[in-house]
Amino acid sequence: MIKSMPFLSSNPLIRATNASNDPFFSLDSWKPGLDCCLWHRVNCSSGSDSRVVVGLSLKSLVSILVASNSKALTTSMLKPLFHIKSLKMLSISSNGIRGEIPGNELANLSNLVHLDMMQNNFSGLVPPQVFQLRNLQFLDTGSNLLNGNLSHEVGSLQKLKILRLDENFLGGSMPEEIGKLRELSELSLRQNIFTGGIPSSIMNLMKLEKLDLRSNCLSMEIPSTIGGLSNLTCLALSDNKLTRDTYVGMIETSNTIPSMLEVLTFSIEFNDLIVNWKNSKQGLSSHSLIISSFLDLSKNQLSVEIPVSLGKLKGLKLLNISHNNILGQIPSSFDSLESMESRDLSHNKLSGLIPPTLANLNQLSTLDLSNNMLKGKIPLGGQMNTMADPASYANNSGLCGMQIYVACQDQESPQPRAQQEQEEDDNDKWFVWEGVGIGYSIGFFLTVGI
């Protein structure tokens with residue numbers, strides 16, 4: 001049984017954290033002579049004969065005071081940790097560590113499965129030694145100061161399931177070798193400066209559930225191959241320069257569990273959506289049941305009409321397609337989106353009327369239709385009575401209604417009484433026959449429904 005880790009007891013990292021007055025950051029249990037498997041934040045293997053250290057959870061060890069000090073932690077202080085070759089899990093996130101990632105030392109940890117270095121001040125390139133850790137399943141270097149291109153060697157991490165490189169300064173093209181990461185379930189490159197298009201090899205990532213490429217400099221078309229990623233549950237492509245004549249949406253895949261959703265690309269024709277939908281029902285992961293559904297394609301260069309089939313996405317809660325060049329009218333099929341809580345269609349080129357059926361969406365709490373070319377009376381009644389902020393309808397010169405304090409000119413001039421009575425009499429007769437017609441139609445549809 002391991003009794004101590006003398007190379008750790010003198011680590012400056014530990015000395016710095018023990019100097020903190022905050023007891024949460026204390027590592028007083030790390031004392032020579034004690035069984036290190038009993039130390040706080042240390043995990044050992046379960047073997048009774050030859051136990052080894054397999055995990056170090058050093059997240060948020062250093063207080064803000066220490067991390068912001070001019071003598072803040074540097075990567076040189078981490079070197080003693082890299083002597084523990086039995087490590088499978090290492091988390092050093094949220095410590096304000098400065099300097100380049102020590103690639104040579106990191107290469108010693110060939111058994112690593114989980115490596116979390118997020119929320120520090122690491123700078124420079126992602127060292128090539130990281131891509132030699134062939135057992136990695138989780139890699140997070142997000143929220144640092146890393147720069148340069150993402151190496152094509154990333155394709156060597158073929159056991160990787162989660163890759164998070166978001167909020168850095170990584171740039172260049174996304175390497176095609178990403179398509180070799182066939183076990184990947186999450187890819188997050190959000191808030192970097194990647195350019196070019198989304199690589200077509202992404203079609204190979206059939207286990208991908210989350211794809212977050214927001215806030216980059218990506219351009220060109222959204223590849224239609226995304227539609228084949230049948231396990232996607234979250235897709236975020238906003239704040240880029242992407243184009244596409246198809247939409248990306250979320251499809252309900254179960255009649256019995258309304259929250260079971262997947263993200264798919266579908267074309268304007270509903271037939272294509274049906275095909276994708278049926279294919280995607282196979283192999284749905286159980287944790288998809290709890291994922292909130294949202295679709296964010298804002299701040300791109302999409303210039304198509306909203307497909308009527310979008311109204312079939314009954315589990316959709318948040319829709320943001322603002323700041324594009326989307327044309328046409330708002331589909332009346334939107335009244336089927338009963339789970340919708342937030343909808344932002346602003347800053348497009350939408351025209352026509354606002355569908356009165358929006359009043360039926362009882363969950364809707366946020367609506368933004370500003371900066372379009374909409375016209376007519378803003379609907380009243382139901383949930384629309386709560387959407388009274390004039391800013392939600394601003395810069396639509398053809399709109400009128402109490403919400404924006406613009407009267408609608410929908411009253412006809414008074415007619416001679418005799419003519420008015422005659423028309424009222426004719427209207428009464430029309431109403432009787434129309435009522436019969438409506439009653440017949442309703443009866444017909446009810447019969448079909450049964």
# chains A, B, ... in the order shown; residues from 1 in each chain; ligands from 1
$ residues_around --residues "region 174-188 of chain A" --least-positions-apart "4" --cutoff "6 Å" --atoms "only C-alpha atoms" --output "PyMOL selection string"
chain A and resi 152+155+158+160-164+166+199+201-202+204-205+207-212
$ write_last_selection --atoms "N, CA and C atoms" --output "tab-separated table (two decimals), in the first residue's frame"
chain	number	residue	atom	x	y	z
A	152	HIS	N	-3.61	18.76	-37.00
A	152	HIS	CA	-4.28	17.60	-37.62
A	152	HIS	C	-4.04	16.34	-36.80
A	155	GLY	N	-6.62	13.97	-34.72
A	155	GLY	CA	-7.25	12.73	-35.18
A	155	GLY	C	-6.68	11.47	-34.54
A	158	GLN	N	-8.43	8.76	-30.83
A	158	GLN	CA	-9.60	8.06	-31.35
A	158	GLN	C	-10.48	7.45	-30.28
A	160	LEU	N	-11.43	9.54	-27.81
A	160	LEU	CA	-11.97	10.75	-27.23
A	160	LEU	C	-13.49	10.81	-27.38
A	161	LYS	N	-14.14	11.15	-26.27
A	161	LYS	CA	-15.60	11.29	-26.27
A	161	LYS	C	-16.03	12.74	-26.11
A	162	ILE	N	-15.25	13.53	-25.38
A	162	ILE	CA	-15.58	14.93	-25.17
A	162	ILE	C	-14.35	15.78	-25.44
A	163	LEU	N	-14.49	16.76	-26.36
A	163	LEU	CA	-13.40	17.67	-26.70
A	163	LEU	C	-13.91	19.10	-26.57
A	164	ARG	N	-13.34	19.82	-25.60
A	164	ARG	CA	-13.73	21.21	-25.36
A	164	ARG	C	-12.50	22.10	-25.45
A	166	ASP	N	-13.10	25.53	-26.18
A	166	ASP	CA	-13.78	26.82	-26.35
A	166	ASP	C	-13.11	27.95	-25.57
A	199	PRO	N	-15.90	21.15	-41.70
A	199	PRO	CA	-15.40	20.06	-42.54
A	199	PRO	C	-16.46	18.99	-42.80
A	201	SER	N	-16.02	15.97	-43.10
A	201	SER	CA	-15.72	14.75	-42.36
A	201	SER	C	-16.50	14.65	-41.07
A	202	ILE	N	-17.17	15.75	-40.68
A	202	ILE	CA	-17.97	15.72	-39.46
A	202	ILE	C	-19.10	14.70	-39.57
A	204	ASN	N	-18.78	11.76	-40.17
A	204	ASN	CA	-18.32	10.50	-39.60
A	204	ASN	C	-18.60	10.39	-38.11
A	205	LEU	N	-18.95	11.50	-37.47
A	205	LEU	CA	-19.12	11.51	-36.02
A	205	LEU	C	-20.55	11.12	-35.66
A	207	LYS	N	-21.80	9.43	-33.33
A	207	LYS	CA	-22.18	9.44	-31.92
A	207	LYS	C	-22.27	10.85	-31.34
A	208	LEU	N	-22.06	11.85	-32.19
A	208	LEU	CA	-22.04	13.24	-31.73
A	208	LEU	C	-23.43	13.67	-31.25
A	209	GLU	N	-23.48	14.22	-30.04
A	209	GLU	CA	-24.73	14.69	-29.46
A	209	GLU	C	-24.75	16.21	-29.30
A	210	LYS	N	-23.59	16.81	-29.13
A	210	LYS	CA	-23.54	18.26	-28.98
A	210	LYS	C	-22.45	18.83	-29.88
A	211	LEU	N	-22.82	19.81	-30.70
A	211	LEU	CA	-21.88	20.51	-31.57
A	211	LEU	C	-22.04	22.00	-31.35
A	212	ASP	N	-21.02	22.62	-30.78
A	212	ASP	CA	-21.08	24.04	-30.46
A	212	ASP	C	-19.93	24.76	-31.14
$ atom_distance --atom1 "CA of Leu125 (chain A)" --atom2 "CA of Thr74 (chain A)"
16.0 Å
$ closest_residue --among "A:Leu87, A:Met373, A:Leu295, A:Leu337" --to "Val308 (chain A)" --atoms "only C-alpha atoms"
A:Leu337
$ decode --residues "region 150-187 of chain A" --atoms "N, CA and C atoms" --output "mmCIF file, in the first residue's frame"
data_model
loop_
_atom_site.group_PDB
_atom_site.id
_atom_site.type_symbol
_atom_site.label_atom_id
_atom_site.label_comp_id
_atom_site.auth_asym_id
_atom_site.auth_seq_id
_atom_site.Cartn_x
_atom_site.Cartn_y
_atom_site.Cartn_z
ATOM 1 N N LEU A 150 -5.368 24.324 -34.725
ATOM 2 C CA LEU A 150 -5.610 23.019 -34.136
ATOM 3 C C LEU A 150 -4.942 21.979 -35.022
ATOM 4 N N SER A 151 -3.976 21.261 -34.466
ATOM 5 C CA SER A 151 -3.166 20.327 -35.238
ATOM 6 C C SER A 151 -4.006 19.197 -35.831
ATOM 7 N N HIS A 152 -3.614 18.756 -37.005
ATOM 8 C CA HIS A 152 -4.278 17.597 -37.616
ATOM 9 C C HIS A 152 -4.044 16.339 -36.798
ATOM 10 N N GLU A 153 -3.066 16.383 -35.886
ATOM 11 C CA GLU A 153 -2.802 15.227 -35.017
ATOM 12 C C GLU A 153 -3.934 14.966 -34.039
ATOM 13 N N VAL A 154 -4.898 15.891 -33.948
ATOM 14 C CA VAL A 154 -6.041 15.654 -33.077
ATOM 15 C C VAL A 154 -6.756 14.364 -33.464
ATOM 16 N N GLY A 155 -6.624 13.966 -34.716
ATOM 17 C CA GLY A 155 -7.247 12.726 -35.180
ATOM 18 C C GLY A 155 -6.681 11.470 -34.544
ATOM 19 N N SER A 156 -5.566 11.603 -33.811
ATOM 20 C CA SER A 156 -4.960 10.450 -33.136
ATOM 21 C C SER A 156 -5.712 10.064 -31.872
ATOM 22 N N LEU A 157 -6.513 10.971 -31.343
ATOM 23 C CA LEU A 157 -7.223 10.699 -30.075
ATOM 24 C C LEU A 157 -8.526 9.965 -30.358
ATOM 25 N N GLN A 158 -8.428 8.758 -30.835
ATOM 26 C CA GLN A 158 -9.595 8.057 -31.354
ATOM 27 C C GLN A 158 -10.481 7.450 -30.280
ATOM 28 N N LYS A 159 -10.088 7.573 -29.010
ATOM 29 C CA LYS A 159 -10.958 7.147 -27.915
ATOM 30 C C LYS A 159 -11.707 8.336 -27.309
ATOM 31 N N LEU A 160 -11.427 9.536 -27.809
ATOM 32 C CA LEU A 160 -11.973 10.750 -27.227
ATOM 33 C C LEU A 160 -13.492 10.806 -27.375
ATOM 34 N N LYS A 161 -14.143 11.148 -26.267
ATOM 35 C CA LYS A 161 -15.595 11.292 -26.267
ATOM 36 C C LYS A 161 -16.034 12.741 -26.112
ATOM 37 N N ILE A 162 -15.245 13.525 -25.384
ATOM 38 C CA ILE A 162 -15.580 14.932 -25.166
ATOM 39 C C ILE A 162 -14.347 15.779 -25.443
ATOM 40 N N LEU A 163 -14.486 16.755 -26.356
ATOM 41 C CA LEU A 163 -13.400 17.667 -26.700
ATOM 42 C C LEU A 163 -13.910 19.097 -26.568
ATOM 43 N N ARG A 164 -13.340 19.823 -25.605
ATOM 44 C CA ARG A 164 -13.730 21.208 -25.361
ATOM 45 C C ARG A 164 -12.497 22.096 -25.447
ATOM 46 N N LEU A 165 -12.484 22.943 -26.469
ATOM 47 C CA LEU A 165 -11.383 23.895 -26.669
ATOM 48 C C LEU A 165 -11.921 25.314 -26.726
ATOM 49 N N ASP A 166 -13.102 25.533 -26.183
ATOM 50 C CA ASP A 166 -13.781 26.816 -26.347
ATOM 51 C C ASP A 166 -13.108 27.946 -25.569
ATOM 52 N N GLU A 167 -13.418 29.164 -26.005
ATOM 53 C CA GLU A 167 -12.960 30.400 -25.371
ATOM 54 C C GLU A 167 -11.433 30.475 -25.288
ATOM 55 N N ASN A 168 -10.806 30.357 -26.435
ATOM 56 C CA ASN A 168 -9.373 30.565 -26.592
ATOM 57 C C ASN A 168 -9.164 31.482 -27.795
ATOM 58 N N PHE A 169 -7.997 31.403 -28.395
ATOM 59 C CA PHE A 169 -7.695 32.185 -29.599
ATOM 60 C C PHE A 169 -7.202 31.250 -30.707
ATOM 61 N N LEU A 170 -7.762 30.049 -30.735
ATOM 62 C CA LEU A 170 -7.394 29.080 -31.762
ATOM 63 C C LEU A 170 -7.997 29.499 -33.100
ATOM 64 N N GLY A 171 -7.236 29.313 -34.183
ATOM 65 C CA GLY A 171 -7.703 29.773 -35.479
ATOM 66 C C GLY A 171 -7.358 28.828 -36.596
ATOM 67 N N GLY A 172 -7.418 29.354 -37.824
ATOM 68 C CA GLY A 172 -7.204 28.511 -38.991
ATOM 69 C C GLY A 172 -8.427 27.674 -39.288
ATOM 70 N N SER A 173 -8.267 26.715 -40.154
ATOM 71 C CA SER A 173 -9.375 25.835 -40.534
ATOM 72 C C SER A 173 -9.536 24.699 -39.530
ATOM 73 N N MET A 174 -10.769 24.273 -39.366
ATOM 74 C CA MET A 174 -11.001 23.072 -38.569
ATOM 75 C C MET A 174 -10.446 21.886 -39.339
ATOM 76 N N PRO A 175 -9.554 21.091 -38.747
ATOM 77 C CA PRO A 175 -8.919 20.006 -39.498
ATOM 78 C C PRO A 175 -9.900 18.895 -39.861
ATOM 79 N N GLU A 176 -9.748 18.381 -41.061
ATOM 80 C CA GLU A 176 -10.584 17.261 -41.501
ATOM 81 C C GLU A 176 -10.418 16.046 -40.600
ATOM 82 N N GLU A 177 -9.260 15.962 -39.932
ATOM 83 C CA GLU A 177 -8.984 14.802 -39.082
ATOM 84 C C GLU A 177 -9.923 14.696 -37.898
ATOM 85 N N ILE A 178 -10.681 15.753 -37.617
ATOM 86 C CA ILE A 178 -11.692 15.656 -36.565
ATOM 87 C C ILE A 178 -12.663 14.525 -36.866
ATOM 88 N N GLY A 179 -12.856 14.260 -38.144
ATOM 89 C CA GLY A 179 -13.760 13.182 -38.542
ATOM 90 C C GLY A 179 -13.299 11.804 -38.137
ATOM 91 N N LYS A 180 -12.055 11.679 -37.657
ATOM 92 C CA LYS A 180 -11.553 10.380 -37.190
ATOM 93 C C LYS A 180 -11.963 10.083 -35.747
ATOM 94 N N LEU A 181 -12.507 11.075 -35.063
ATOM 95 C CA LEU A 181 -12.877 10.908 -33.652
ATOM 96 C C LEU A 181 -14.276 10.311 -33.563
ATOM 97 N N ARG A 182 -14.396 9.071 -33.950
ATOM 98 C CA ARG A 182 -15.704 8.452 -34.125
ATOM 99 C C ARG A 182 -16.426 8.148 -32.819
ATOM 100 N N GLU A 183 -15.730 8.256 -31.684
ATOM 101 C CA GLU A 183 -16.373 8.054 -30.386
ATOM 102 C C GLU A 183 -16.875 9.369 -29.793
ATOM 103 N N LEU A 184 -16.640 10.468 -30.487
ATOM 104 C CA LEU A 184 -16.931 11.788 -29.943
ATOM 105 C C LEU A 184 -18.436 11.998 -29.765
ATOM 106 N N SER A 185 -18.814 12.440 -28.552
ATOM 107 C CA SER A 185 -20.215 12.790 -28.293
ATOM 108 C C SER A 185 -20.399 14.295 -28.116
ATOM 109 N N GLU A 186 -19.311 15.009 -27.802
ATOM 110 C CA GLU A 186 -19.397 16.461 -27.649
ATOM 111 C C GLU A 186 -18.177 17.128 -28.260
ATOM 112 N N LEU A 187 -18.411 18.121 -29.106
ATOM 113 C CA LEU A 187 -17.351 18.921 -29.703
ATOM 114 C C LEU A 187 -17.704 20.387 -29.508
#
